[in-house]
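Peer 1: Provided herewith is a single structure, encoded as structure tokens, for subsequent inquiry.
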Amino acid sequence: MLTKFETKSNRVKGLSFHPKRPWILASLHSGVIQLWDYRMGTLIDRFDEHDGPVRGVHFHKSQPLFVSGGDDYKIKIWNYKLRRCLFTLLGHLDYIRTVQFHNEYPWIVSASDDQTIRIWNWQSRTCISVLTGHNHYVMCASFHPKEDLVVSASLDQTVRVWDIGGLRKKTVAPGGEEVLRLPQMNADLFGGGDAVVKYVLEGHDRGVNWAGFHPTLPLIVSGADDRQVKLWRYNESKAWEVDTLRGHTNNVSCVMFHARQDLIISNSEDKSIRVWDMSKRTGVQTFRREHDRFWILSAHPEINLLAAGHDGGMIVFKLERERPAYSTHQGTLYYVKDRYLRTYDFATQRDNPLISIRRPGSAGANQGPKTLSYNPAENALLITSDVDGGSYELYMIPKESARGDTAPEAKRGLGVAAVFIARNRFAVLDRTTNTIQIRNLQNEITKKCPPPCATTDSIFYAGTGTLLCRSEDKVTLFDVQQRTTLAELSTPFVKYVVWNNDMTQVALLSKHAIIIADKKLQNAQTVHETIRVKSAAWDDNGVLVYTTLNHIKYCLPNGDNGIIRTLDVPIYISKVANNVVYALDREGKNRQIQVDVSEYMFKLALLQRKYDAVINMIKGSALCGQAIITYLQQKGFPEVALHFVKDERTRFNLAVQCGNIEVALQSAQELDDKDTWYRLGVEALRQGNHQIVEFSYQKTKSFERLSFLYLITGNLEKLRKMLKISEMRGDVMGRFHNAMYLGDVREQVKILEECGQLPLAYVAAATHGLHEDAERISQGLTDLPDINGDAKLFLPPTPILKEDNWPLLTVSKGFFETLAAKGRAEAAAGSKGGATTAAAAGGLDDGALDNAGWGDELDLDLGGGAGAAAGEEEDLGLGGDDEGGWEMEDLELPADVVAAAAAASAGTGAGPFVAPAPGVPASQRWLEKRSQVAADHIAAGSFQSAMSLLHRQLGIANFEPLRQYFMDSYAASYAVVPGVPGMPSVLTHLDRSYNADAPTQPPVAPTLLYSLPQLEEQLKAAYKLVTEGKFTDALKVFTRMLHIIPLMSVASRKEVDEVKELVTICKEYHIALRCELRRKELKEEDATHAMELAAYFTHCNLQPVHLALSLRSAMTVFFKSKNLATCATFCRRLLDLSPGQKIADQARQVLAACEKAPTDAVKINYDPRNPFDICSITFSPVYKGSKYAEDPYTGARFQPSCEGQLSPLGDIVQVGADASGLLISATQVR
């Protein structure tokens, strides 16, 4: 038994594998149903609405449903996507033992202690047949996979086979549903004629606990309290006992046929699972537990997996290894398939049988070939297996071209592992004597030596004369000749060892990790995987390509890894060449898989510092995406990402990060928005490039910042001009600040006097010796304030440096900067005198400020003084409501900025040295826990991973409508903290787990913009708009809610359920409003379809007030169109809602008129009695039971022809996409 997954829980009474996903349902004696991912080993969900033990559970083959039956006499049908019970079937009068969906029809069969078997239609939610005949508890019942048969087992010591062909004809044939509407009292009591007993199998001496059909043959297997397993055969007329399998020492709980082999598997209360050979009728294997009785077995419908439930939980297991034994030498693959050794030539793709080898042991005994070792020098093969507790076989392959049916005699021996270590020697690990035996090709022992560690349990080839010896927690490099340990490496339990072609690198593969090391086991790098590692091979470039259960991945020598592509089924890599992965699948078939290696070749070139190759890849390949950009940023190559990105906003962000002010300036001019100019100003100020700072402040109209910049750079002339500008703008505080910066006391006094601050104006004038002004002001004051005799004139300090820009550290340019500069210089030389982007701004020198940034009209040498200037504010374009105020189009860059940018373009200038940011950024910390909630990734700025999650969870294919929400969420997770004077502001993260009392707090989770209370407020607003008849506005609100919900994160399961309820409300209203808006468009063009839409509108699940309005509207439309029969149905539904007196009277009058002539003048596609959903693309009904395509996000249903289109419910999700469901809380994945 190969255990793949094990759980510990209450007693497991029911099990069911999901047919497609790696999930298994376990129903417990405690009443809980658990949903496990057996591949990841995680509990996905739990369902606990049953009262008492749940004994039966089963997944539907294609729908997101499962059924459960328990001791509370209830059968519950659940939707695992909605994570809730849809409905309950009542009818049984005692414990329910098993439940099962039919493969084809909408049926469920259930067995109960009330001595009956019931068949239910889960679509109509009715019991369609009761099978009576057993006179004791019915322990199990199941459908035949293909025929119209049911088998049941009972404690009355019989197995019964029932023919349900009549039931199929009655319910599936046209008109069959009419029959079901007849009273079924007699059928409930005595059983109907639609299901009859075909055979009664008697042979067990005690109660029968289980019976099951063979998937393809006319066989039945049963297990009973007489401790026997019986095999039965049947034909059209009779059934008979074939054989009895004895061996269990207690009641047999469950028994079943293996889906892919001639085996029977049974388990029992004797704490064992037994495997029986169906053809020999003998026991093959027995697996025991010490303390736990077994109760249930289940087999996966598609793959070779079994599960068993016991007192302490459950196990998922395989009976035998499916990995083929293989070995690659140069261009040939040697592998074992069935009982042949075969070769596969990679170049010619020819597959030939070479020799016949010993037939493997009994099926299910896990005795097939385990490893294969090839000796090219002597053309010999070593094959090991688990036969006899571990053995090997040595084959000498004939030199001449042998046919596959030749069977050379093998030399055999015992040993848990055997590998060639020299041209004519191989090593065998003998665990009985704990020695390593060296044997020649005649299978004679030539030497013995003890292993390096007493716990050594396997050996692997490590070059001529050396072995890798595996023990509990380490691998040892052992020289057999010298009997010395060369090196040791601590590892998890290593299963496979893969060397590269020149034996310089080795990969040690364990279950969930890969360790890469050199030939001396040094410089080890470890890659951890959550899903099992299956195989690996080195490519010619020194990159390890490996497979997990569902991915092909790569690992670079430094431990960096990534995904190459996904897999449908596990494969075992035999060779990697160029863009092709050669592999064997579990059937032993050779496969070639084309892969794109450009990503890992790019990373390898970066790692090996082959920068020419990096540049060529950037120019010639389609490498793109946030993942590559993030990788380059993490590895310290933002300048590489800068030259590879075309999107201007991303280029700007990268340029700011690596301090490339020239590229940032180019991108800012392309983007030309306020936020970009602000960030450019911050970066330019950090670098001391105050000309670009000035330019940025002018672009953002930051008057106060401009004034302060001129102050700290000592530019008093421009400060005076700023004083004039603030006067024209009527900005009193700005004017006073500028006067204070200049030390202009007269101007300060003048401003204070104009503002009515006469005491302050007097103090300022008297203190600074302006006696005339002081005297004039004092005449308007009754009480003169005291004057401080020690007061001094407040003047700003003189700047230390007044050069054009602050000095920068000169450093040599890196390879990529030089190469990029060279490319720009060549491009500039190729253009005929075209101005660069930076130079396009012109020259902004001290003498040119008069015309820079404030428009051509801005002439500060105004003849009329300040008052005239203030009066001309509108002409200057600096105020008023015109959007063209303070025009910046004519602003030109300073000449020295132009020169600096031109120098950088020519590759001659030296760029600034940028020190790396200390520590790990908060956004990276936020994502360390590998959150599956997209909102966390968005707030951390990892848009690529967020989009990947949303595509996988909800099938979102169009992210354009979500762009602004992404940006807003990202912006909301950060705050800007002003720095001390002379220092830039600090960008800081906002963490939602912030605690003011904690001394230090590492980043845990980002603050989120959207919350549940916000959505509830929006819902109220939308309801109000619908009530007011503003359908277009209401539709926009519901669409916005559908856009926001995937970008949320909530804390509890209760809130998750509330959000899912919101999604359902949005879906119903969205469909309803689209129908109504469409009806209004078609009012004149297509009156028939408009009537249909009015009818469909009334079938959406709306608030009572809105439903009443829709019914009233439909009543009016149909009455005017003379469709009186249908109109009457709307009248009755409206009256059922108990509307106001006036509306009720009107409805009764219309109903009376309709009942006089209950006919329809126009035939329409509408059946009020048949439940349906509305396809909001075709605006047609999707009736219950018909095929449909589904929106995986909202659950809206569409006609099958709409599959692949964007769902109109938000225009973001692809109809029919395979998705796991909405995930907005960490509690959903615990």
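Chain labels run A, B, ... following the order of the structure tokens; each chain numbers its residues from 1, and ligands are numbered from 1 in the order shown.
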Set the distance at 7 Å and use only C-alpha atoms: which residues neighbour region 567-578 of chain A once local chain neighbours fewer than 2 positions away are removed? I'd like the list as a PDB file with all heavy atoms, in the first residue's frame.

Peer 2:
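New file around.pdb:
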ATOM      1  N   THR A 328      18.113   6.661 -18.842  1.00  0.00           N
ATOM      2  CA  THR A 328      18.484   7.299 -20.107  1.00  0.00           C
ATOM      3  C   THR A 328      19.994   7.246 -20.288  1.00  0.00           C
ATOM      4  O   THR A 328      20.751   7.540 -19.357  1.00  0.00           O
ATOM      5  CB  THR A 328      18.024   8.767 -20.114  1.00  0.00           C
ATOM      6  OG1 THR A 328      16.614   8.807 -19.892  1.00  0.00           O
ATOM      7  CG2 THR A 328      18.337   9.427 -21.444  1.00  0.00           C
ATOM      8  N   LYS A 534       7.686  14.524  -8.772  1.00  0.00           N
ATOM      9  CA  LYS A 534       7.614  13.208  -9.417  1.00  0.00           C
ATOM     10  C   LYS A 534       8.893  12.820 -10.169  1.00  0.00           C
ATOM     11  O   LYS A 534       9.277  11.658 -10.146  1.00  0.00           O
ATOM     12  CB  LYS A 534       6.432  13.159 -10.404  1.00  0.00           C
ATOM     13  CG  LYS A 534       5.081  13.515  -9.796  1.00  0.00           C
ATOM     14  CD  LYS A 534       4.739  12.695  -8.569  1.00  0.00           C
ATOM     15  CE  LYS A 534       4.441  11.248  -8.863  1.00  0.00           C
ATOM     16  NZ  LYS A 534       4.073  10.507  -7.630  1.00  0.00           N
ATOM     17  N   SER A 535       9.545  13.746 -10.861  1.00  0.00           N
ATOM     18  CA  SER A 535      10.720  13.381 -11.656  1.00  0.00           C
ATOM     19  C   SER A 535      11.494  14.642 -11.994  1.00  0.00           C
ATOM     20  O   SER A 535      11.020  15.761 -11.768  1.00  0.00           O
ATOM     21  CB  SER A 535      10.301  12.658 -12.942  1.00  0.00           C
ATOM     22  OG  SER A 535       9.603  13.559 -13.797  1.00  0.00           O
ATOM     23  N   ALA A 536      12.700  14.448 -12.575  1.00  0.00           N
ATOM     24  CA  ALA A 536      13.524  15.596 -12.956  1.00  0.00           C
ATOM     25  C   ALA A 536      14.557  15.163 -13.976  1.00  0.00           C
ATOM     26  O   ALA A 536      14.904  13.975 -14.072  1.00  0.00           O
ATOM     27  CB  ALA A 536      14.212  16.199 -11.732  1.00  0.00           C
ATOM     28  N   ALA A 537      15.061  16.125 -14.755  1.00  0.00           N
ATOM     29  CA  ALA A 537      16.160  15.901 -15.703  1.00  0.00           C
ATOM     30  C   ALA A 537      16.857  17.229 -15.925  1.00  0.00           C
ATOM     31  O   ALA A 537      16.228  18.293 -15.854  1.00  0.00           O
ATOM     32  CB  ALA A 537      15.640  15.334 -17.025  1.00  0.00           C
ATOM     33  N   TRP A 538      18.177  17.169 -16.172  1.00  0.00           N
ATOM     34  CA  TRP A 538      18.962  18.378 -16.439  1.00  0.00           C
ATOM     35  C   TRP A 538      18.953  18.660 -17.927  1.00  0.00           C
ATOM     36  O   TRP A 538      19.074  17.736 -18.742  1.00  0.00           O
ATOM     37  CB  TRP A 538      20.403  18.193 -15.965  1.00  0.00           C
ATOM     38  CG  TRP A 538      20.545  18.042 -14.490  1.00  0.00           C
ATOM     39  CD1 TRP A 538      20.475  16.889 -13.762  1.00  0.00           C
ATOM     40  CD2 TRP A 538      20.812  19.085 -13.545  1.00  0.00           C
ATOM     41  NE1 TRP A 538      20.654  17.138 -12.427  1.00  0.00           N
ATOM     42  CE2 TRP A 538      20.879  18.493 -12.261  1.00  0.00           C
ATOM     43  CE3 TRP A 538      20.991  20.456 -13.652  1.00  0.00           C
ATOM     44  CZ2 TRP A 538      21.117  19.218 -11.107  1.00  0.00           C
ATOM     45  CZ3 TRP A 538      21.237  21.193 -12.501  1.00  0.00           C
ATOM     46  CH2 TRP A 538      21.291  20.580 -11.241  1.00  0.00           C
ATOM     47  N   ASP A 539      18.810  19.924 -18.278  1.00  0.00           N
ATOM     48  CA  ASP A 539      18.966  20.251 -19.698  1.00  0.00           C
ATOM     49  C   ASP A 539      20.430  20.587 -19.975  1.00  0.00           C
ATOM     50  O   ASP A 539      21.278  20.581 -19.080  1.00  0.00           O
ATOM     51  CB  ASP A 539      18.014  21.375 -20.115  1.00  0.00           C
ATOM     52  CG  ASP A 539      18.484  22.766 -19.717  1.00  0.00           C
ATOM     53  OD1 ASP A 539      19.438  22.859 -18.917  1.00  0.00           O
ATOM     54  OD2 ASP A 539      17.898  23.749 -20.189  1.00  0.00           O
ATOM     55  N   LEU A 549       2.953  16.790  -9.539  1.00  0.00           N
ATOM     56  CA  LEU A 549       1.740  16.107 -10.009  1.00  0.00           C
ATOM     57  C   LEU A 549       1.042  16.862 -11.131  1.00  0.00           C
ATOM     58  O   LEU A 549       0.436  16.247 -12.004  1.00  0.00           O
ATOM     59  CB  LEU A 549       0.767  15.926  -8.834  1.00  0.00           C
ATOM     60  CG  LEU A 549       0.996  14.698  -7.954  1.00  0.00           C
ATOM     61  CD1 LEU A 549       0.086  14.747  -6.752  1.00  0.00           C
ATOM     62  CD2 LEU A 549       0.788  13.414  -8.728  1.00  0.00           C
ATOM     63  N   ASN A 550       1.140  18.199 -11.123  1.00  0.00           N
ATOM     64  CA  ASN A 550       0.376  18.947 -12.127  1.00  0.00           C
ATOM     65  C   ASN A 550       1.134  20.078 -12.799  1.00  0.00           C
ATOM     66  O   ASN A 550       0.529  20.924 -13.433  1.00  0.00           O
ATOM     67  CB  ASN A 550      -0.917  19.500 -11.505  1.00  0.00           C
ATOM     68  CG  ASN A 550      -0.655  20.331 -10.281  1.00  0.00           C
ATOM     69  OD1 ASN A 550       0.505  20.524  -9.889  1.00  0.00           O
ATOM     70  ND2 ASN A 550      -1.694  20.845  -9.669  1.00  0.00           N
ATOM     71  N   HIS A 551       2.478  20.109 -12.684  1.00  0.00           N
ATOM     72  CA  HIS A 551       3.254  21.160 -13.347  1.00  0.00           C
ATOM     73  C   HIS A 551       4.577  20.617 -13.887  1.00  0.00           C
ATOM     74  O   HIS A 551       5.147  19.685 -13.312  1.00  0.00           O
ATOM     75  CB  HIS A 551       3.591  22.306 -12.374  1.00  0.00           C
ATOM     76  CG  HIS A 551       2.445  23.198 -12.052  1.00  0.00           C
ATOM     77  ND1 HIS A 551       1.931  23.342 -10.786  1.00  0.00           N
ATOM     78  CD2 HIS A 551       1.684  23.999 -12.842  1.00  0.00           C
ATOM     79  CE1 HIS A 551       0.916  24.188 -10.808  1.00  0.00           C
ATOM     80  NE2 HIS A 551       0.745  24.597 -12.037  1.00  0.00           N
ATOM     81  N   ILE A 552       5.046  21.226 -14.967  1.00  0.00           N
ATOM     82  CA  ILE A 552       6.463  21.139 -15.327  1.00  0.00           C
ATOM     83  C   ILE A 552       7.095  22.434 -14.845  1.00  0.00           C
ATOM     84  O   ILE A 552       6.614  23.527 -15.180  1.00  0.00           O
ATOM     85  CB  ILE A 552       6.672  20.977 -16.847  1.00  0.00           C
ATOM     86  CG1 ILE A 552       5.986  19.718 -17.357  1.00  0.00           C
ATOM     87  CG2 ILE A 552       8.161  20.942 -17.177  1.00  0.00           C
ATOM     88  CD1 ILE A 552       6.103  19.527 -18.856  1.00  0.00           C
ATOM     89  N   ARG A 565       4.877  25.014 -17.489  1.00  0.00           N
ATOM     90  CA  ARG A 565       3.510  24.780 -17.975  1.00  0.00           C
ATOM     91  C   ARG A 565       2.788  23.835 -17.017  1.00  0.00           C
ATOM     92  O   ARG A 565       3.408  23.214 -16.160  1.00  0.00           O
ATOM     93  CB  ARG A 565       3.496  24.207 -19.399  1.00  0.00           C
ATOM     94  CG  ARG A 565       4.180  22.872 -19.557  1.00  0.00           C
ATOM     95  CD  ARG A 565       3.846  22.218 -20.886  1.00  0.00           C
ATOM     96  NE  ARG A 565       2.468  21.768 -20.925  1.00  0.00           N
ATOM     97  CZ  ARG A 565       1.858  21.349 -22.030  1.00  0.00           C
ATOM     98  NH1 ARG A 565       2.486  21.359 -23.176  1.00  0.00           N
ATOM     99  NH2 ARG A 565       0.604  20.931 -21.994  1.00  0.00           N
ATOM    100  N   VAL A 580      11.938  20.876 -26.082  1.00  0.00           N
ATOM    101  CA  VAL A 580      11.125  19.660 -26.007  1.00  0.00           C
ATOM    102  C   VAL A 580      11.448  18.905 -24.724  1.00  0.00           C
ATOM    103  O   VAL A 580      12.614  18.714 -24.379  1.00  0.00           O
ATOM    104  CB  VAL A 580      11.372  18.741 -27.222  1.00  0.00           C
ATOM    105  CG1 VAL A 580      10.501  17.486 -27.127  1.00  0.00           C
ATOM    106  CG2 VAL A 580      11.091  19.475 -28.517  1.00  0.00           C
ATOM    107  N   VAL A 581      10.382  18.517 -24.012  1.00  0.00           N
ATOM    108  CA  VAL A 581      10.526  17.639 -22.845  1.00  0.00           C
ATOM    109  C   VAL A 581      10.036  16.256 -23.252  1.00  0.00           C
ATOM    110  O   VAL A 581       8.900  16.099 -23.707  1.00  0.00           O
ATOM    111  CB  VAL A 581       9.703  18.167 -21.650  1.00  0.00           C
ATOM    112  CG1 VAL A 581       9.673  17.135 -20.534  1.00  0.00           C
ATOM    113  CG2 VAL A 581      10.285  19.475 -21.139  1.00  0.00           C
ATOM    114  N   TYR A 582      10.927  15.266 -23.131  1.00  0.00           N
ATOM    115  CA  TYR A 582      10.555  13.873 -23.395  1.00  0.00           C
ATOM    116  C   TYR A 582      10.183  13.239 -22.059  1.00  0.00           C
ATOM    117  O   TYR A 582      10.903  13.402 -21.069  1.00  0.00           O
ATOM    118  CB  TYR A 582      11.718  13.103 -24.030  1.00  0.00           C
ATOM    119  CG  TYR A 582      12.142  13.640 -25.382  1.00  0.00           C
ATOM    120  CD1 TYR A 582      13.122  14.631 -25.489  1.00  0.00           C
ATOM    121  CD2 TYR A 582      11.564  13.160 -26.553  1.00  0.00           C
ATOM    122  CE1 TYR A 582      13.508  15.120 -26.721  1.00  0.00           C
ATOM    123  CE2 TYR A 582      11.949  13.648 -27.797  1.00  0.00           C
ATOM    124  CZ  TYR A 582      12.921  14.633 -27.871  1.00  0.00           C
ATOM    125  OH  TYR A 582      13.293  15.119 -29.097  1.00  0.00           O
ATOM    126  N   ALA A 583       9.110  12.484 -22.059  1.00  0.00           N
ATOM    127  CA  ALA A 583       8.648  11.934 -20.783  1.00  0.00           C
ATOM    128  C   ALA A 583       7.868  10.648 -21.016  1.00  0.00           C
ATOM    129  O   ALA A 583       7.383  10.380 -22.127  1.00  0.00           O
ATOM    130  CB  ALA A 583       7.766  12.944 -20.053  1.00  0.00           C
ATOM    131  N   LEU A 584       7.770   9.845 -19.950  1.00  0.00           N
ATOM    132  CA  LEU A 584       6.904   8.669 -19.921  1.00  0.00           C
ATOM    133  C   LEU A 584       5.686   8.986 -19.062  1.00  0.00           C
ATOM    134  O   LEU A 584       5.817   9.660 -18.035  1.00  0.00           O
ATOM    135  CB  LEU A 584       7.639   7.485 -19.295  1.00  0.00           C
ATOM    136  CG  LEU A 584       8.680   6.768 -20.152  1.00  0.00           C
ATOM    137  CD1 LEU A 584       9.541   5.883 -19.272  1.00  0.00           C
ATOM    138  CD2 LEU A 584       8.024   5.944 -21.247  1.00  0.00           C
ATOM    139  N   ASP A 585       4.519   8.513 -19.495  1.00  0.00           N
ATOM    140  CA  ASP A 585       3.351   8.664 -18.621  1.00  0.00           C
ATOM    141  C   ASP A 585       3.134   7.376 -17.827  1.00  0.00           C
ATOM    142  O   ASP A 585       3.921   6.429 -17.919  1.00  0.00           O
ATOM    143  CB  ASP A 585       2.105   9.055 -19.421  1.00  0.00           C
ATOM    144  CG  ASP A 585       1.707   8.009 -20.451  1.00  0.00           C
ATOM    145  OD1 ASP A 585       2.176   6.860 -20.339  1.00  0.00           O
ATOM    146  OD2 ASP A 585       0.928   8.340 -21.359  1.00  0.00           O
ATOM    147  N   ARG A 586       2.075   7.332 -17.050  1.00  0.00           N
ATOM    148  CA  ARG A 586       1.852   6.169 -16.188  1.00  0.00           C
ATOM    149  C   ARG A 586       1.449   4.921 -16.959  1.00  0.00           C
ATOM    150  O   ARG A 586       1.508   3.815 -16.426  1.00  0.00           O
ATOM    151  CB  ARG A 586       0.789   6.513 -15.136  1.00  0.00           C
ATOM    152  CG  ARG A 586       1.343   7.408 -14.049  1.00  0.00           C
ATOM    153  CD  ARG A 586       0.303   7.829 -13.052  1.00  0.00           C
ATOM    154  NE  ARG A 586       0.937   8.393 -11.850  1.00  0.00           N
ATOM    155  CZ  ARG A 586       0.276   8.986 -10.874  1.00  0.00           C
ATOM    156  NH1 ARG A 586      -1.034   9.116 -10.944  1.00  0.00           N
ATOM    157  NH2 ARG A 586       0.919   9.463  -9.812  1.00  0.00           N
TER     158      ARG A 586
END

Peer 1: Fewer than 5 positions away in the same chain doesn't count, so skip those; otherwise give me all residues within 9 Å of Asp114 (chain A), counting only C-alpha atoms, as an NGL selection string.

Peer 2: :A and (92-96 or 136-138)

Peer 1: So which residues of region 154-297 of chain A fall under strand (DSSP E or B) by DSSP, listed as a ChimeraX atom specification?

Peer 2: /A:154,158-163,196-202,208-213,219-224,228-234,239-246,252-257,263-268,272-277,282-288,294-297

Peer 1: Region 554-561 of chain A: which residues within 7 Å, counting only C-alpha atoms, same-chain residues fewer than 5 positions away excluded, as a ChimeraX atom specification?

Peer 2: /A:525-527,543-546,604

Peer 1: Write a file of the just-selected residues containing C-alpha atoms, as a PDB file, in the first residue's frame.

Peer 2:
ATOM      1  CA  GLN A 525      20.090  24.990  -2.710  1.00  0.00           C
ATOM      2  CA  THR A 526      16.673  23.742  -1.589  1.00  0.00           C
ATOM      3  CA  VAL A 527      13.384  24.221  -3.405  1.00  0.00           C
ATOM      4  CA  VAL A 543      18.950  24.009 -15.539  1.00  0.00           C
ATOM      5  CA  LEU A 544      16.954  21.334 -13.726  1.00  0.00           C
ATOM      6  CA  VAL A 545      13.535  20.717 -15.269  1.00  0.00           C
ATOM      7  CA  TYR A 546      11.259  18.793 -12.935  1.00  0.00           C
ATOM      8  CA  LEU A 604      20.042  31.921 -16.364  1.00  0.00           C
TER       9      LEU A 604
END

Peer 1: Which value, in Å to one decimal, gives the distance between CA of Gly31 (chain A) and CA of Val54 (chain A)?

Peer 2: 5.3 Å

Peer 1: Would you please work out which residue, of A:Ala975, A:Ala517, A:Leu1109, A:Leu1047, is nearest to Met947 (chain A) when using only C-alpha atoms?

Peer 2: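 Closest to Met947 (chain A) of all the choices is A:Leu1047.
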
Peer 1: Taking 4 positions as the minimum chain separation for residues in the same chain, which residues sit within 8 Å of region 785-793 of chain A when counting only C-alpha atoms? Answer as a ChimeraX atom specification.

Peer 2: /A:743,759,763,766-768

Peer 1: Taking the DSSP assignment computed from this structure's backbone, write out as a PyMOL selection string all residues of region 976-1068 of chain A that belong to helix (DSSP H, G or I).

Peer 2: chain A and resi 1012-1027+1031-1047+1053-1068

Peer 1: What is the CA of Val533 (chain A) to CA of Asn375 (chain A) distance in Å?

Peer 2: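 It comes out at 26.7 Å.
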
Peer 1: Enter the distance from CA of Ile564 (chain A) to CA of Val597 (chain A), in Å, rounded to one decimal.

Peer 2: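 Computing the Euclidean distance for CA of Ile564 (chain A) and CA of Val597 (chain A) yields 7.2 Å.
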
Peer 1: Counting only C-alpha atoms, which residue out of A:Ala934, A:Leu1019, A:Leu231, A:Ile956 sits closest to Tyr1069 (chain A)?

Peer 2: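 Comparing A:Ala934, A:Leu1019, A:Leu231, A:Ile956 against Tyr1069 (chain A), the winner is A:Leu1019.
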
Peer 1: Measuring atom to atom with only C-alpha atoms, identify which of A:Leu719, A:Ala940, A:Leu381, A:Val109 is nearest to Leu354 (chain A).

Peer 2: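 Going through A:Leu719, A:Ala940, A:Leu381, A:Val109 one by one, the smallest distance to Leu354 (chain A) is for A:Leu381.
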